[in-house]
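Undergrad: If you scroll down you'll find the structure; I have some questions about it.
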Amino acid sequence: QEKRVQVSPPLTRGPSAFIPENEVMQANGLDERTNLLVEEYSTSGRLDNITQVMSIHTQYLESFLRSQFYMLRMDGPLPLPYRHYIAIMAAARHQCSYLINMHVDEFLKTGGIAEWLNGLEYIPQRLKNLNEINKLLAHRPWLITKEHIQKLVKTGENNWSLPELVHAVVLLAHYHALASFVFGSGINPERDPDTSNGVRLIAVNNFCVCDLANDNNIENASLTSSNFGIADSLSELEALMERMKRLQEDKEDEEASQEEMATRFEKEKKESLLVISGGICVFPVPFSFDDEIVSTDVSRYVEDPGFGYKDFARRGEDHLPTFRAQDYTWENHGFSLVNRLYSDIGHLLDEKFRMVYNLTYNTMATHEDVDTTTLRRALFNYVHCMYGIRYDDYDYGEVNQLLERSLKVYIKTVTCYPERTTKRMYDSYWRQFKHSEKVHVNLLLMEARMQAELLYALRAITRHLT
């Protein structure tokens with residue numbers, strides 16, 4: 001109470017439906033540092049549920065809040081209401097009513113025109129023109145070409161300047177990825193202190209979609225078996241530790257040829273496409289906003305609702321060409337372009353990517369003094385693999401060694417179809433690990449996804465410029 005930070009009471013106990021409340025509180029103790037960060041960088045002025053869960057990793061939280069605050073509040077090409085409306089459009093692609101509600105409030109507070117909240121037909125044409133790139137970035141960023149960029153910057157009176165477009169793209173990628181974190185961590189809706197019953201009614205809570213309690217979407221017994229004992233999960237942990245050790249030793253012994261490395265990538269890419277539909281997790285019909293489970297409050301912000309992530313190779317269309325990371329890297333290309341057109345954001349994003357990639361406490365579940373580098377790299381690179389991005393110097397055989405099937409299901413769902421994530425998926429992998437370690441996984445997935453989207457968009461902008 002002495003603090004100026006308002007903590008909003010959530011709908012159910014705790015900030016997350018997946019993590020027991022006492023574990024979030026214990027892990028972060030909501031210390032002085034977190035409160036200061038929220039006072040300085042929170043745009044809502046309160047300690048919301050996302051921040052509470054992220055504050056389990058305070059170092060990362062600082063990078064996250066600083067970059068988000070910069071995008072939303074500091075000097076930049078776009079007017080403040082535009083920034084929040086773009087956040088709404090991005091979150092709507094994944095039906096993330098949590099983020100939509102948050103930015104509807106912020107949009108109005110920063111002077112946004114209330115009529116725009118009636119839906120996309122009420123907004124200016126230049127904002128409408130972002131629909132196509134929003135849709136592609138969210139679901140199939142590999143389809144973005146320099147023609148999409150040209151269309152936006154050359155549309156007469158409704159055109160976007162390149163700095164404005166870069167600002168918009170950064171916001172879109174940030175909020176697509178943040179929706180992955182919200183669903184992946186089971187973030188509970190906020191109670192709204194301004195409503196009579198304490199609960200905001202606009203949201204059809206996302207978790208109804210998947211029916212978290214019954215989890216009817218999962219059909220694979222290996223994910224759902226309740227008799228999975230502690231002994232089994234301990235042996236699962238020991239087996240993972242053993243595989244990590246063996247990979248380290250093998251690395252020192254022999255190097256695979258470039259040809260072999262390329263083959264392993266292609267194999268992993270193809271397999272990643274079969275993860276959801278290959279009998280592990282069954283969604284018999286393509287998911288679409290047309291299903292009645294989505295509230296109109298979300299769909300009003302979405303154009304072409306049936307468009308989603310596509311397992312390109314299996315359908316024999318839109319075959320995903322491999323994006324060789326060496327040809328267009330964040331470090332050598334993306335960073336300098338984004339910094340040139342939208343000053344300082346490059347530094348903030350770079351710090352955030354590095355922070356999450358290198359973050360380690362050298363522990364794994366009950367083990368201490370563990371080098372987790374190979375595991376963190378496998379998680380990050382697997383996300384990029386699903387987006388067709390390949391690192392020449394990485395052996396994708398490691399992904400298969402280190403990421404078991406239930407973890408791959410979780411990663412694919414959180415990254416490509418976050419609105420389908422369920423508690424059972426979250427519980428099904430790494431049973432002996434701490435919740436803080438699973439939150440770290442979600443941070444890695446979120447940042448890997450954001451970086452993948454940015455690489456495709458920035459590469460298209462570079463091609464437009466050349």
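Each chain of the structure tokens is named A, B, ... in the order shown, its residues numbered from 1; ligands are numbered from 1 in display order.
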Give me the residues near segment 60-73 of chain A as a list in words, where near means some atom within 6 Å (using only C-alpha atoms) and where sequence neighbours in that chain fewer than 4 positions away do not count.
TA: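 My reading of the contact set: Tyr41, Met54, Ser55, Leu348 and Lys352 of chain A.
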Undergrad: List the neighbours of Thr322 of chain A out to 8 Å using only C-alpha atoms; skip same-chain residues closer than 5 positions along the sequence, and give me the result as JSON, numbers by chain.
TA: {"A": [388, 389, 390]}
Undergrad: Deliver the residues from the most recent selection as a file, using N, CA, C and O atoms, as a compact mmCIF listing (two decimals), in the first residue's frame.
TA:
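Full text of selection-v1.txt as output:
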```txt
# COMPACT_ATOMS: atom_id res chain seq x y z
N GLY A 388 11.14 -22.19 -40.87
CA GLY A 388 11.99 -22.39 -42.05
C GLY A 388 13.36 -21.72 -41.98
O GLY A 388 14.04 -21.59 -42.99
N ILE A 389 13.76 -21.26 -40.78
CA ILE A 389 15.06 -20.57 -40.66
C ILE A 389 16.13 -21.56 -40.21
O ILE A 389 15.98 -22.24 -39.19
N ARG A 390 17.21 -21.63 -40.99
CA ARG A 390 18.25 -22.62 -40.71
C ARG A 390 19.61 -21.97 -40.40
O ARG A 390 20.04 -21.05 -41.10
```
Undergrad: With only C-alpha atoms as the atoms that count, which of A:Leu237, A:Ala448, A:Leu247, A:Leu162 lies nearest to Thr374 of chain A?
TA: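 That would be A:Leu247, the residue with the smallest distance to Thr374 of chain A.
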Undergrad: How many Å lie between atom CA of Pro81 of chain A and atom CA of Gly112 of chain A, rounded to one decimal?
TA: 4.9 Å
Undergrad: Hey, which of A:Trp142, A:Tyr387, A:Phe433, A:Tyr342 ends up closest to Leu171 of chain A? Count only C-alpha atoms.
TA: A:Tyr342
Undergrad: Measuring between only C-alpha atoms, which one of A:Asn159, A:Pro79, A:Val169, A:His464 shows the shortest distance to Thr145 of chain A?
TA: A:His464
Undergrad: Could you name the residues that touch Thr155 of chain A at 10 Å or less, counting only C-alpha atoms, but leaving out those on the same chain fewer than 4 positions away, as a list of chain:residue names?
TA: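 Non-adjacent residues within range: A:Arg126, A:Asn129, A:Gln150, A:Lys151, A:Asn159, A:Trp160.
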Undergrad: In Å to one decimal, how far is atom CA of Lys251 of chain A from atom CA of Thr263 of chain A?
TA: 17.8 Å
Undergrad: Please provide as a list of chain:residue names all residues within 12 Å of Ser343 of chain A, with the sequence filter that same-chain residues fewer than 4 positions apart are discarded (counting only C-alpha atoms).
TA: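 Selected residues are A:Tyr70, A:Met71, A:Met74, A:Asp75, A:Gly76, A:Pro77, A:Pro163, A:Glu164, A:Val166, A:His167, A:Phe335, A:Ser336, A:Leu337, A:Val338, A:Asn339, A:His347, A:Leu348, A:Leu349.
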Undergrad: Mind dumping a table of every segment 157-195 of chain A residue within 8 Å of segment 83-88 of chain A, with the nearest atom pair and its distance in Å to one decimal, using only C-alpha atoms, sorted by chain and rising number, as JSON lines?
TA:
```
{"residue": "A:Ala168", "atom": "CA", "partner": "A:Ile86", "partner_atom": "CA", "distance": 7.0}
{"residue": "A:Leu171", "atom": "CA", "partner": "A:Ala87", "partner_atom": "CA", "distance": 6.4}
{"residue": "A:Leu172", "atom": "CA", "partner": "A:Ala87", "partner_atom": "CA", "distance": 6.4}
{"residue": "A:Tyr175", "atom": "CA", "partner": "A:Ala87", "partner_atom": "CA", "distance": 5.9}
```
Undergrad: If DSSP is run on the backbone, what residues of segment 294-433 of chain A are strand (DSSP E)? A reply as a ChimeraX atom specification would be ideal.
TA: /A:323-324,363-364,367-368,389-390
